[in-house]
Structure formats: C-alpha cells, structure tokens
>>> print(open('coords_24.cif').read())   # mmCIF, C-alpha atoms
data_my_file
#
loop_
_atom_site.group_PDB
_atom_site.id
_atom_site.type_symbol
_atom_site.label_atom_id
_atom_site.label_comp_id
_atom_site.auth_asym_id
_atom_site.auth_seq_id
_atom_site.Cartn_x
_atom_site.Cartn_y
_atom_site.Cartn_z
ATOM 1 C CA MET A 1 133.937 2.286 138.526
ATOM 2 C CA ALA A 2 133.352 3.616 135.001
ATOM 3 C CA PRO A 3 129.761 4.628 134.171
ATOM 4 C CA ALA A 4 127.563 2.591 131.846
ATOM 5 C CA ARG A 5 128.427 3.389 128.232
ATOM 6 C CA GLY A 6 125.322 4.872 126.692
ATOM 7 C CA THR A 7 125.471 5.737 122.987
ATOM 8 C CA VAL A 8 125.665 9.324 121.728
ATOM 9 C CA ALA A 9 125.741 10.538 118.124
ATOM 10 C CA VAL A 10 126.894 14.068 117.344
ATOM 11 C CA ILE A 11 125.950 15.644 114.015
ATOM 12 C CA GLY A 12 128.140 18.699 113.835
ATOM 13 C CA SER A 13 131.139 20.753 112.867
ATOM 14 C CA ILE A 14 134.782 19.705 112.911
ATOM 15 C CA ASN A 15 137.401 22.477 112.882
ATOM 16 C CA VAL A 16 140.938 23.317 113.735
ATOM 17 C CA ASP A 17 141.320 26.207 116.198
ATOM 18 C CA LEU A 18 144.016 28.854 115.826
ATOM 19 C CA LEU A 19 144.538 30.045 119.410
ATOM 20 C CA LEU A 20 145.833 33.587 120.023
ATOM 21 C CA MET A 21 146.491 34.896 123.550
ATOM 22 C CA VAL A 22 146.327 38.668 124.022
ATOM 23 C CA ASP A 23 146.412 41.082 126.936
ATOM 24 C CA ARG A 24 143.071 42.472 125.792
ATOM 25 C CA LEU A 25 140.805 41.933 122.811
ATOM 26 C CA PRO A 26 141.406 44.600 120.129
ATOM 27 C CA ALA A 27 138.901 47.329 119.394
ATOM 28 C CA ALA A 28 137.754 47.948 115.826
ATOM 29 C CA GLY A 29 140.703 49.029 113.700
ATOM 30 C CA GLU A 30 143.234 48.323 116.469
ATOM 31 C CA THR A 31 146.288 46.050 116.301
ATOM 32 C CA VAL A 32 147.509 44.265 119.434
ATOM 33 C CA LEU A 33 150.437 41.927 120.011
ATOM 34 C CA GLY A 34 149.797 38.396 121.188
ATOM 35 C CA THR A 35 151.300 34.979 121.707
ATOM 36 C CA GLY A 36 150.280 31.485 120.737
ATOM 37 C CA GLY A 37 149.439 30.902 117.097
ATOM 38 C CA THR A 38 149.188 27.127 117.514
ATOM 39 C CA LEU A 39 146.593 24.889 115.864
ATOM 40 C CA SER A 40 144.465 22.500 117.907
ATOM 41 C CA PRO A 41 141.285 20.437 117.344
ATOM 42 C CA GLY A 42 137.970 22.266 117.600
ATOM 43 C CA GLY A 43 134.491 22.757 116.174
ATOM 44 C CA LYS A 44 131.353 22.706 118.313
ATOM 45 C CA GLY A 45 130.321 19.255 117.128
ATOM 46 C CA ALA A 46 133.744 17.697 117.597
ATOM 47 C CA ASN A 47 134.175 19.404 120.963
ATOM 48 C CA GLN A 48 130.882 17.983 122.199
ATOM 49 C CA ALA A 49 131.745 14.527 120.890
ATOM 50 C CA VAL A 50 135.094 14.529 122.729
ATOM 51 C CA ALA A 51 133.476 15.789 125.943
ATOM 52 C CA ALA A 52 130.801 13.070 125.785
ATOM 53 C CA ALA A 53 133.340 10.333 125.094
ATOM 54 C CA ARG A 54 135.539 11.420 127.981
ATOM 55 C CA GLN A 55 132.512 11.193 130.261
ATOM 56 C CA GLY A 56 131.939 7.548 129.378
ATOM 57 C CA ALA A 57 129.646 7.559 126.341
ATOM 58 C CA SER A 58 130.204 5.510 123.208
ATOM 59 C CA VAL A 59 130.213 8.292 120.614
ATOM 60 C CA LEU A 60 129.602 8.417 116.858
ATOM 61 C CA MET A 61 130.535 11.576 114.905
ATOM 62 C CA VAL A 62 128.726 12.659 111.728
ATOM 63 C CA GLY A 63 130.505 15.452 109.870
ATOM 64 C CA ALA A 64 133.235 16.314 107.361
ATOM 65 C CA VAL A 65 136.836 17.470 107.152
ATOM 66 C CA GLY A 66 138.686 18.924 104.191
ATOM 67 C CA SER A 67 141.315 17.418 101.946
ATOM 68 C CA ASP A 68 144.054 19.593 103.489
ATOM 69 C CA ALA A 69 146.737 18.944 106.087
ATOM 70 C CA ASN A 70 144.541 20.378 108.869
ATOM 71 C CA ALA A 71 142.170 17.383 108.689
ATOM 72 C CA ALA A 72 144.548 15.203 110.715
ATOM 73 C CA GLU A 73 144.846 17.787 113.483
ATOM 74 C CA ALA A 74 141.084 18.400 113.484
ATOM 75 C CA THR A 75 140.391 14.717 114.204
ATOM 76 C CA ARG A 76 143.390 13.960 116.443
ATOM 77 C CA LEU A 77 141.588 14.127 119.790
ATOM 78 C CA LEU A 78 138.426 12.548 118.392
ATOM 79 C CA HIS A 79 140.612 9.520 117.611
ATOM 80 C CA LYS A 80 142.365 9.659 120.981
ATOM 81 C CA SER A 81 139.058 9.943 122.862
ATOM 82 C CA GLY A 82 137.616 6.878 121.137
ATOM 83 C CA VAL A 83 135.008 8.629 118.974
ATOM 84 C CA SER A 84 133.902 6.617 115.919
ATOM 85 C CA LEU A 85 134.714 8.512 112.703
ATOM 86 C CA ASP A 86 133.105 6.031 110.285
ATOM 87 C CA LEU A 87 130.628 8.712 109.183
ATOM 88 C CA VAL A 88 133.095 11.590 108.886
ATOM 89 C CA ALA A 89 133.539 12.351 105.177
ATOM 90 C CA THR A 90 136.433 14.038 103.377
ATOM 91 C CA ALA A 91 135.256 16.966 101.277
ATOM 92 C CA GLY A 92 137.212 18.986 98.742
ATOM 93 C CA GLY A 93 138.755 22.206 100.018
ATOM 94 C CA PRO A 94 139.839 23.255 103.509
ATOM 95 C CA THR A 95 138.890 21.880 106.901
ATOM 96 C CA GLY A 96 136.821 24.268 109.021
ATOM 97 C CA LEU A 97 138.849 26.898 110.874
ATOM 98 C CA ALA A 98 138.176 28.947 114.008
ATOM 99 C CA VAL A 99 140.406 31.852 115.012
ATOM 100 C CA VAL A 100 140.149 32.198 118.803
ATOM 101 C CA SER A 101 141.544 35.192 120.714
ATOM 102 C CA VAL A 102 141.681 34.921 124.529
ATOM 103 C CA ASP A 103 142.426 37.879 126.824
ATOM 104 C CA ARG A 104 143.890 38.046 130.332
ATOM 105 C CA ASN A 105 140.394 37.813 131.866
ATOM 106 C CA ALA A 106 139.723 34.502 130.059
ATOM 107 C CA GLU A 107 137.201 36.192 127.743
ATOM 108 C CA ASN A 108 137.353 35.216 124.078
ATOM 109 C CA SER A 109 136.480 36.390 120.604
ATOM 110 C CA ILE A 110 135.956 33.775 117.857
ATOM 111 C CA VAL A 111 135.698 33.932 114.066
ATOM 112 C CA VAL A 112 134.656 30.679 112.330
ATOM 113 C CA ILE A 113 135.245 29.768 108.678
ATOM 114 C CA PRO A 114 133.003 26.740 107.905
ATOM 115 C CA GLY A 115 135.143 25.066 105.242
ATOM 116 C CA ALA A 116 134.194 21.396 104.822
ATOM 117 C CA ASN A 117 131.363 21.721 107.347
ATOM 118 C CA GLN A 118 129.210 23.430 104.731
ATOM 119 C CA HIS A 119 129.281 20.183 102.720
ATOM 120 C CA VAL A 120 127.512 18.167 105.451
ATOM 121 C CA ASP A 121 124.107 17.935 103.803
ATOM 122 C CA ALA A 122 120.857 15.984 104.088
ATOM 123 C CA SER A 123 122.340 13.057 102.175
ATOM 124 C CA ALA A 124 125.041 12.669 104.834
ATOM 125 C CA VAL A 125 122.337 12.542 107.503
ATOM 126 C CA SER A 126 120.298 10.067 105.446
ATOM 127 C CA VAL A 127 123.253 7.697 105.220
ATOM 128 C CA ALA A 128 123.717 7.961 108.990
ATOM 129 C CA LEU A 129 120.030 7.522 109.935
ATOM 130 C CA PRO A 130 120.088 3.742 110.586
ATOM 131 C CA ARG A 131 122.861 4.210 113.122
ATOM 132 C CA LEU A 132 121.423 7.419 114.542
ATOM 133 C CA ARG A 133 118.127 5.676 115.310
ATOM 134 C CA SER A 134 119.960 3.069 117.378
ATOM 135 C CA CYS A 135 121.597 5.678 119.642
ATOM 136 C CA ASP A 136 120.365 6.776 123.049
ATOM 137 C CA VAL A 137 121.046 10.476 122.399
ATOM 138 C CA VAL A 138 121.653 12.557 119.253
ATOM 139 C CA VAL A 139 123.187 16.031 119.590
ATOM 140 C CA LEU A 140 123.019 18.895 117.072
ATOM 141 C CA GLN A 141 124.215 22.510 117.075
ATOM 142 C CA GLY A 142 124.102 25.572 114.789
ATOM 143 C CA GLU A 143 127.393 25.326 112.883
ATOM 144 C CA LEU A 144 126.132 23.123 110.032
ATOM 145 C CA PRO A 145 123.913 24.345 107.158
ATOM 146 C CA LEU A 146 120.408 25.229 108.308
ATOM 147 C CA ALA A 147 118.792 22.759 105.901
ATOM 148 C CA THR A 148 120.924 19.895 107.244
ATOM 149 C CA THR A 149 120.026 20.543 110.868
ATOM 150 C CA ASP A 150 116.335 20.970 110.051
ATOM 151 C CA PHE A 151 116.308 17.745 108.009
ATOM 152 C CA ALA A 152 117.954 15.808 110.863
ATOM 153 C CA LEU A 153 115.461 17.127 113.417
ATOM 154 C CA ARG A 154 112.520 16.181 111.202
ATOM 155 C CA GLU A 155 113.869 12.702 110.471
ATOM 156 C CA LEU A 156 114.581 11.976 114.155
ATOM 157 C CA ARG A 157 111.140 13.099 115.326
ATOM 158 C CA GLY A 158 109.158 10.224 116.794
ATOM 159 C CA THR A 159 112.002 7.692 116.589
ATOM 160 C CA GLY A 160 112.403 7.330 120.358
ATOM 161 C CA VAL A 161 115.906 8.794 120.253
ATOM 162 C CA LEU A 162 116.526 11.576 122.791
ATOM 163 C CA VAL A 163 117.412 14.668 120.732
ATOM 164 C CA VAL A 164 119.513 17.454 122.263
ATOM 165 C CA LEU A 165 119.771 20.741 120.352
ATOM 166 C CA ASN A 166 122.429 23.265 121.326
ATOM 167 C CA LEU A 167 121.132 26.280 119.403
ATOM 168 C CA ALA A 168 124.556 27.899 119.124
ATOM 169 C CA PRO A 169 125.041 29.898 117.095
ATOM 170 C CA VAL A 170 121.342 30.655 116.742
ATOM 171 C CA ILE A 171 120.111 29.738 113.258
ATOM 172 C CA PRO A 172 116.549 30.436 112.004
ATOM 173 C CA LEU A 173 115.101 26.959 112.392
ATOM 174 C CA PRO A 174 111.315 26.606 112.062
ATOM 175 C CA ALA A 175 109.528 26.791 115.399
ATOM 176 C CA GLU A 176 108.108 23.287 114.956
ATOM 177 C CA SER A 177 111.605 21.866 114.515
ATOM 178 C CA ILE A 178 112.850 23.519 117.702
ATOM 179 C CA ARG A 179 109.799 22.245 119.595
ATOM 180 C CA SER A 180 110.476 18.710 118.352
ATOM 181 C CA VAL A 181 113.668 18.357 120.401
ATOM 182 C CA ASP A 182 113.720 16.743 123.824
ATOM 183 C CA VAL A 183 116.271 19.116 125.373
ATOM 184 C CA LEU A 184 117.233 22.607 124.197
ATOM 185 C CA ILE A 185 120.528 23.970 125.575
ATOM 186 C CA VAL A 186 121.260 27.697 125.193
ATOM 187 C CA ASN A 187 122.987 30.516 127.031
ATOM 188 C CA GLU A 188 121.037 33.615 128.097
ATOM 189 C CA HIS A 189 121.498 35.516 124.826
ATOM 190 C CA GLU A 190 120.681 32.461 122.717
ATOM 191 C CA ALA A 191 117.591 31.845 124.852
ATOM 192 C CA VAL A 192 116.254 35.303 123.974
ATOM 193 C CA GLU A 193 116.848 34.656 120.252
ATOM 194 C CA ALA A 194 115.263 31.196 120.520
ATOM 195 C CA LEU A 195 112.139 32.723 122.045
ATOM 196 C CA ARG A 196 111.911 35.080 119.086
ATOM 197 C CA LEU A 197 112.102 32.097 116.712
ATOM 198 C CA LEU A 198 109.321 30.487 118.720
ATOM 199 C CA SER A 199 107.200 33.609 118.116
ATOM 200 C CA LYS A 200 107.205 34.416 121.795
ATOM 201 C CA GLU A 201 107.883 38.065 122.530
ATOM 202 C CA THR A 202 110.027 38.601 125.610
ATOM 203 C CA LYS A 203 111.206 41.631 127.534
ATOM 204 C CA ILE A 204 113.720 39.535 129.454
ATOM 205 C CA GLN A 205 117.277 40.817 129.044
ATOM 206 C CA ALA A 206 120.268 38.480 129.102
ATOM 207 C CA GLY A 207 122.497 38.966 132.118
ATOM 208 C CA HIS A 208 126.151 38.202 131.259
ATOM 209 C CA GLU A 209 127.151 41.772 132.105
ATOM 210 C CA MET A 210 125.326 41.825 135.420
ATOM 211 C CA ASP A 211 127.290 41.808 138.669
ATOM 212 C CA ASP A 212 124.417 40.515 140.807
ATOM 213 C CA ASP A 213 124.405 36.700 140.793
ATOM 214 C CA ASP A 214 120.879 36.522 142.183
ATOM 215 C CA ASP A 215 119.537 38.722 139.379
ATOM 216 C CA ALA A 216 121.367 36.670 136.742
ATOM 217 C CA VAL A 217 119.941 33.423 138.117
ATOM 218 C CA ARG A 218 116.480 34.973 138.260
ATOM 219 C CA ILE A 219 116.789 35.907 134.594
ATOM 220 C CA GLY A 220 117.967 32.376 133.777
ATOM 221 C CA VAL A 221 114.947 30.901 135.530
ATOM 222 C CA ALA A 222 112.596 33.281 133.714
ATOM 223 C CA LEU A 223 114.141 32.353 130.363
ATOM 224 C CA ALA A 224 113.928 28.614 131.063
ATOM 225 C CA ASP A 225 110.303 28.978 132.168
ATOM 226 C CA SER A 226 109.497 30.930 128.986
ATOM 227 C CA LEU A 227 111.125 28.328 126.738
ATOM 228 C CA VAL A 228 109.129 25.539 128.348
ATOM 229 C CA SER A 229 105.892 27.509 128.181
ATOM 230 C CA SER A 230 106.571 28.088 124.461
ATOM 231 C CA GLY A 231 106.467 24.343 123.815
ATOM 232 C CA ILE A 232 110.002 23.099 124.525
ATOM 233 C CA PRO A 233 109.767 19.874 126.594
ATOM 234 C CA SER A 234 112.959 20.628 128.559
ATOM 235 C CA ALA A 235 115.443 23.471 128.424
ATOM 236 C CA ILE A 236 118.793 24.235 130.003
ATOM 237 C CA VAL A 237 119.970 27.844 130.167
ATOM 238 C CA THR A 238 123.688 28.021 130.875
ATOM 239 C CA LEU A 239 124.921 30.927 132.979
ATOM 240 C CA GLY A 240 128.703 30.610 132.646
ATOM 241 C CA ALA A 241 130.362 31.079 136.032
ATOM 242 C CA ARG A 242 126.903 31.201 137.640
ATOM 243 C CA GLY A 243 126.009 27.598 136.810
ATOM 244 C CA ALA A 244 122.880 26.697 134.840
ATOM 245 C CA VAL A 245 119.096 26.530 135.061
ATOM 246 C CA VAL A 246 117.163 23.374 134.195
ATOM 247 C CA GLY A 247 113.652 24.079 132.957
ATOM 248 C CA ARG A 248 110.891 21.458 133.009
ATOM 249 C CA SER A 249 107.104 21.601 132.995
ATOM 250 C CA GLU A 250 107.116 21.222 136.790
ATOM 251 C CA GLY A 251 109.321 24.293 137.177
ATOM 252 C CA SER A 252 112.893 25.518 136.741
ATOM 253 C CA VAL A 253 115.760 24.758 139.115
ATOM 254 C CA HIS A 254 119.138 26.462 139.437
ATOM 255 C CA VAL A 255 122.223 24.226 139.314
ATOM 256 C CA PRO A 256 124.932 26.076 141.255
ATOM 257 C CA PRO A 257 128.411 26.611 139.816
ATOM 258 C CA VAL A 258 131.689 24.960 140.752
ATOM 259 C CA ALA A 259 134.153 27.690 141.717
ATOM 260 C CA VAL A 260 137.462 27.642 139.800
ATOM 261 C CA ASP A 261 140.091 30.129 138.639
ATOM 262 C CA ALA A 262 139.390 30.337 134.905
ATOM 263 C CA VAL A 263 142.173 30.957 132.394
ATOM 264 C CA ASP A 264 140.336 30.199 129.111
ATOM 265 C CA THR A 265 136.586 29.762 128.619
ATOM 266 C CA THR A 266 136.930 28.549 125.005
ATOM 267 C CA GLY A 267 134.804 25.452 124.480
ATOM 268 C CA ALA A 268 133.316 25.441 127.980
ATOM 269 C CA GLY A 269 129.783 25.494 126.605
ATOM 270 C CA ASP A 270 130.603 22.521 124.383
ATOM 271 C CA ALA A 271 132.059 20.635 127.344
ATOM 272 C CA PHE A 272 128.742 21.263 129.108
ATOM 273 C CA VAL A 273 126.642 19.987 126.193
ATOM 274 C CA GLY A 274 128.773 16.874 125.698
ATOM 275 C CA ALA A 275 128.604 16.037 129.385
ATOM 276 C CA VAL A 276 124.805 16.470 129.439
ATOM 277 C CA ALA A 277 124.524 14.088 126.484
ATOM 278 C CA ALA A 278 126.768 11.505 128.136
ATOM 279 C CA GLY A 279 124.830 11.753 131.385
ATOM 280 C CA LEU A 280 121.470 11.342 129.676
ATOM 281 C CA ALA A 281 122.760 8.389 127.640
ATOM 282 C CA GLU A 282 123.948 6.817 130.875
ATOM 283 C CA GLY A 283 120.458 7.142 132.328
ATOM 284 C CA LEU A 284 120.877 10.183 134.576
ATOM 285 C CA THR A 285 117.984 12.563 135.099
ATOM 286 C CA LEU A 286 118.262 15.895 133.290
ATOM 287 C CA HIS A 287 119.056 17.643 136.584
ATOM 288 C CA ALA A 288 121.803 15.153 137.458
ATOM 289 C CA ALA A 289 123.216 15.399 133.925
ATOM 290 C CA ALA A 290 123.310 19.192 134.294
ATOM 291 C CA GLU A 291 125.127 18.883 137.618
ATOM 292 C CA LEU A 292 127.717 16.662 135.941
ATOM 293 C CA ALA A 293 127.990 19.145 133.065
ATOM 294 C CA VAL A 294 128.549 22.132 135.364
ATOM 295 C CA ALA A 295 131.458 20.297 136.979
ATOM 296 C CA VAL A 296 132.930 19.247 133.622
ATOM 297 C CA ALA A 297 132.659 22.768 132.190
ATOM 298 C CA ALA A 298 134.342 24.182 135.297
ATOM 299 C CA GLN A 299 137.275 21.797 134.868
ATOM 300 C CA SER A 300 137.574 22.776 131.218
ATOM 301 C CA VAL A 301 138.288 26.461 131.913
ATOM 302 C CA ILE A 302 141.317 25.960 134.164
ATOM 303 C CA SER A 303 143.625 25.228 131.206
ATOM 304 C CA TYR A 304 143.982 26.569 127.664
ATOM 305 C CA GLY A 305 142.251 25.278 124.564
ATOM 306 C CA ALA A 306 138.999 23.442 123.983
ATOM 307 C CA GLN A 307 139.231 19.661 123.603
ATOM 308 C CA GLU A 308 142.624 19.428 125.315
ATOM 309 C CA SER A 309 141.084 20.882 128.467
ATOM 310 C CA TYR A 310 138.193 18.425 128.761
ATOM 311 C CA PRO A 311 138.486 16.133 131.779
ATOM 312 C CA TRP A 312 138.264 12.346 131.711
ATOM 313 C CA ARG A 313 135.729 10.801 134.043
ATOM 314 C CA SER A 314 137.279 8.369 136.492
ATOM 315 C CA GLY A 315 137.893 5.008 134.833
ATOM 316 C CA ASN A 316 137.630 6.311 131.249
ATOM 317 C CA ALA A 317 141.074 7.728 130.476
ATOM 318 C CA PRO A 318 143.171 5.545 128.147
ATOM 319 C CA ALA A 319 146.180 3.769 129.628
ATOM 320 C CA LEU A 320 149.476 5.534 129.065
ATOM 321 C CA SER A 321 151.689 3.758 126.560
#
>>> encode(input="coords_24.cif", output="structure tokens")
Amino acid sequence: MAPARGTVAVIGSINVDLLLMVDRLPAAGETVLGTGGTLSPGGKGANQAVAAARQGASVLMVGAVGSDANAAEATRLLHKSGVSLDLVATAGGPTGLAVVSVDRNAENSIVVIPGANQHVDASAVSVALPRLRSCDVVVLQGELPLATTDFALRELRGTGVLVVLNLAPVIPLPAESIRSVDVLIVNEHEAVEALRLLSKETKIQAGHEMDDDDDAVRIGVALADSLVSSGIPSAIVTLGARGAVVGRSEGSVHVPPVAVDAVDTTGAGDAFVGAVAAGLAEGLTLHAAAELAVAVAAQSVISYGAQESYPWRSGNAPALS
C-alpha cells in the first residue's frame, strides 16, 4: 500500500550535473583521464524534491532554470517524478551547472555554478507563500542566495508549517533564523560550522576520516546534543556510511546504517533530506523518518548519478508505458 501523500514544498536550486568518472580525483595542477561527460538532472533542491516525491509526498518546487537548452534536462526527472513546477521560473542566462567527479572509491568532488538559481529572490518566495503555508513541510538548503533563504525562514516562522533546513553548503544565516527551523539536517563538518554561526564554541572535530565507527557515532551524538542545546528544536547529523544521529531535547539517538556496496555517493545527502521530508509529511516521527532516509540514501549510492539513483517507495512508481 502506498503511504499517505503529505505535502512538501522545496525552495531550492535546480541544476544539470556533468558527471565525470575518474580513477582518482586529481591533485592541484594535475590532469587525469576520465570517462562519462554526460549531463543529468541535479541541484540540491531538485534532488530533494525528486527524493520526496518518490517516497510518496505531493511535492511543489520553487526555483528557477535558465533560458538555455539545459533547462529541459534539469527538470526532466522532476516532471517524471510528479513534482509540480508551477512556481519554477525561467530566468535569462544559463541553468545552474554542477561538475561532479567520482573516483573508484565512490568519493566525489563537486564544483557548482549557480546560473539561474541566483535569480530566485524574495519576490519569488512571496509569490509562493500562499501555497507554502498550506504545505505540511517546507525544505530549504544553502544553494540559493542568502537573502532569499533568510527571507523564507522569517516568513514561515509561526505559520504552523514544519520547516526543514539542510544547511548545505553552510551559508552565514543569522542565528535566530537557524533557530526558527523545526529540523536542522547537517553532516558532521556542517554541524561544526552551524555551531559557530550559533555563537557556540566547540572543540568537537568532525569524523569523516576516522576509522573507528564508535568514535564517529560518539562525535555525531555530541554534535547533535550541542545543536539542540544551542536552541535548535531538532537536529539530524548525517554520518554517511555510519548512519545518522537524531537529536532532540530528550537526548540523541543513533540510527544505524544499511550496508551496501557504494559506487557513487553523489546526491546521497539530498536523498536523505527528501526522504525525511516525505516521512514527516506522512506523519512519521522524526526518528522513523530518519530510519526511512537512511535506507533511501543507502539505495541511492549503489548506482551512478543523483536523481536517477533515487528509489521509488513501493506503490509510487509510475506505470510503464
């Protein structure tokens, strides 16, 4: 049975991704040979919208594409996944572009050119506000202009809409805006930067490079606890292949990973965020939504690309024509 279709709005970036596969990521000044070179849909906002839609949510996208040929490719899987594009504008100039290099260990390096995303301003959010206020969940990230994201957070405060902020990349939002969200989702490194924005000094070090899973989870718990104690109502710290930590006022809990053989981690964090939003819109608890998201993110890394790799929840996939 398909889950109940809660409503999710995503205010965020829409890109095309240029995917390059290399044996290893180049050092500074080094040239390496690779394969790939194909364009596919991307952008953190669009990725999260597709992930949420494929997990059963009714999704509205607020953003912009350019007036170039890449706009059609950028929105192809948003269309296919059933995301409403009524509030996606066409701006002059190019669609946003991300150049993604993936090595043999599934690690990636990404350069993003904002393009049309930089034209998503406060007026675009203002136009969308009546529909945003009727949604169960609104999701934002860090790939739109700072002023746009801050305006949206201020306008959504106190409306009863559940606001999820994925502070990635980390942008210097005012502390009061970050504290106004219902759920903050960050990885370990972003959590440290978020704590600095919240004027909370921390000696906690992020643990991606650590081999000890127990130490990495302990760090994740400490970061989630610190975010909550700094005034964030709820926080999720993602730990990649080590799962995630859900932080609440009653304490932080580790959500264990789902073991898979990863080939490309591109967009896995966005798959996680989209799945959390869909779960919350459906009525799941934050912990249950995080469990769903860990499973969805794990499925997303076993094939190449971002949106193409996102799984459909049972009963949601469109019928084959």
>>> atom_distance(input="coords_24.cif", atom1="atom CA of Ala71 of chain A", atom2="atom CA of Ser134 of chain A")
27.8 Å
>>> axis_aligned_box(input="coords_24.cif", around="segment 173-183 of chain A", padding_each_side="4 Å", output="AutoDock Vina command-line options")
--center_x 112.2 --center_y 21.9 --center_z 118.7 --size_x 16.2 --size_y 18.2 --size_z 21.3
>>> atom_distance(input="coords_24.cif", atom1="atom CA of Arg242 of chain A", atom2="atom CA of Leu284 of chain A")
22.1 Å
>>> atom_distance(input="coords_24.cif", atom1="atom CA of Ala72 of chain A", atom2="atom CA of Asn15 of chain A")
10.4 Å
>>> resolve_selection(input="coords_24.cif", expression="the PyMOL selection byres ((chain A and resi 139) around 7)", output="number ranges by chain")
A: 9-11, 137-138, 140, 163-165
>>> residues_around(input="coords_24.cif", residues="segment 26-33 of chain A", least_positions_apart="6", cutoff="12 Å", atoms="all atoms listed in the file", output="list of chain:residue names")
A:Leu20, A:Ser101, A:Val102, A:Asp103, A:Asn108, A:Ser109
>>> residues_around(input="coords_24.cif", residues="Thr148 of chain A", least_positions_apart="2", cutoff="6 Å", atoms="only C-alpha atoms", output="list in words")
Asp121, Ala122, Pro145, Leu146, Asp150 and Phe151 of chain A
>>> write_last_selection(input="coords_24.cif", atoms="C-alpha atoms", output="PDB file, in the coordinates of the input")
ATOM      1  CA  ASP A 121     124.107  17.935 103.803  1.00  0.00           C
ATOM      2  CA  ALA A 122     120.857  15.984 104.088  1.00  0.00           C
ATOM      3  CA  PRO A 145     123.913  24.345 107.158  1.00  0.00           C
ATOM      4  CA  LEU A 146     120.408  25.229 108.308  1.00  0.00           C
ATOM      5  CA  ASP A 150     116.335  20.970 110.051  1.00  0.00           C
ATOM      6  CA  PHE A 151     116.308  17.745 108.009  1.00  0.00           C
TER       7      PHE A 151
END
>>> resolve_selection(input="coords_24.cif", expression="the PyMOL selection byres ((chain A and resi 124-132) around 12)", output="ChimeraX atom specification")
/A:7-12,59-64,84-91,117-123,133-140,144-145,147-157,159-163
>>> closest_atom_pairs(input="coords_24.cif", of="segment 25-70 of chain A", to="segment 293-305 of chain A", cutoff="9 Å", atoms="all atoms listed in the file", output="CSV")
residue,atom,partner,partner_atom,distance
A:Ser40,CA,A:Gly305,CA,7.5
A:Pro41,CA,A:Gly305,CA,8.7
A:Gly42,CA,A:Gly305,CA,8.7
A:Ala51,CA,A:Val296,CA,8.4
A:Gln55,CA,A:Val296,CA,8.7
>>> closest_residue(input="coords_24.cif", among="A:Val186, A:Val255, A:Val22, A:Val170", to="Ala288 of chain A", atoms="all atoms listed in the file")
A:Val255
>>> resolve_selection(input="coords_24.cif", expression="the PyMOL selection byres ((chain A and resi 13) around 6)", output="VMD selection string")
chain A and resid 12 14 43 to 45 117 143
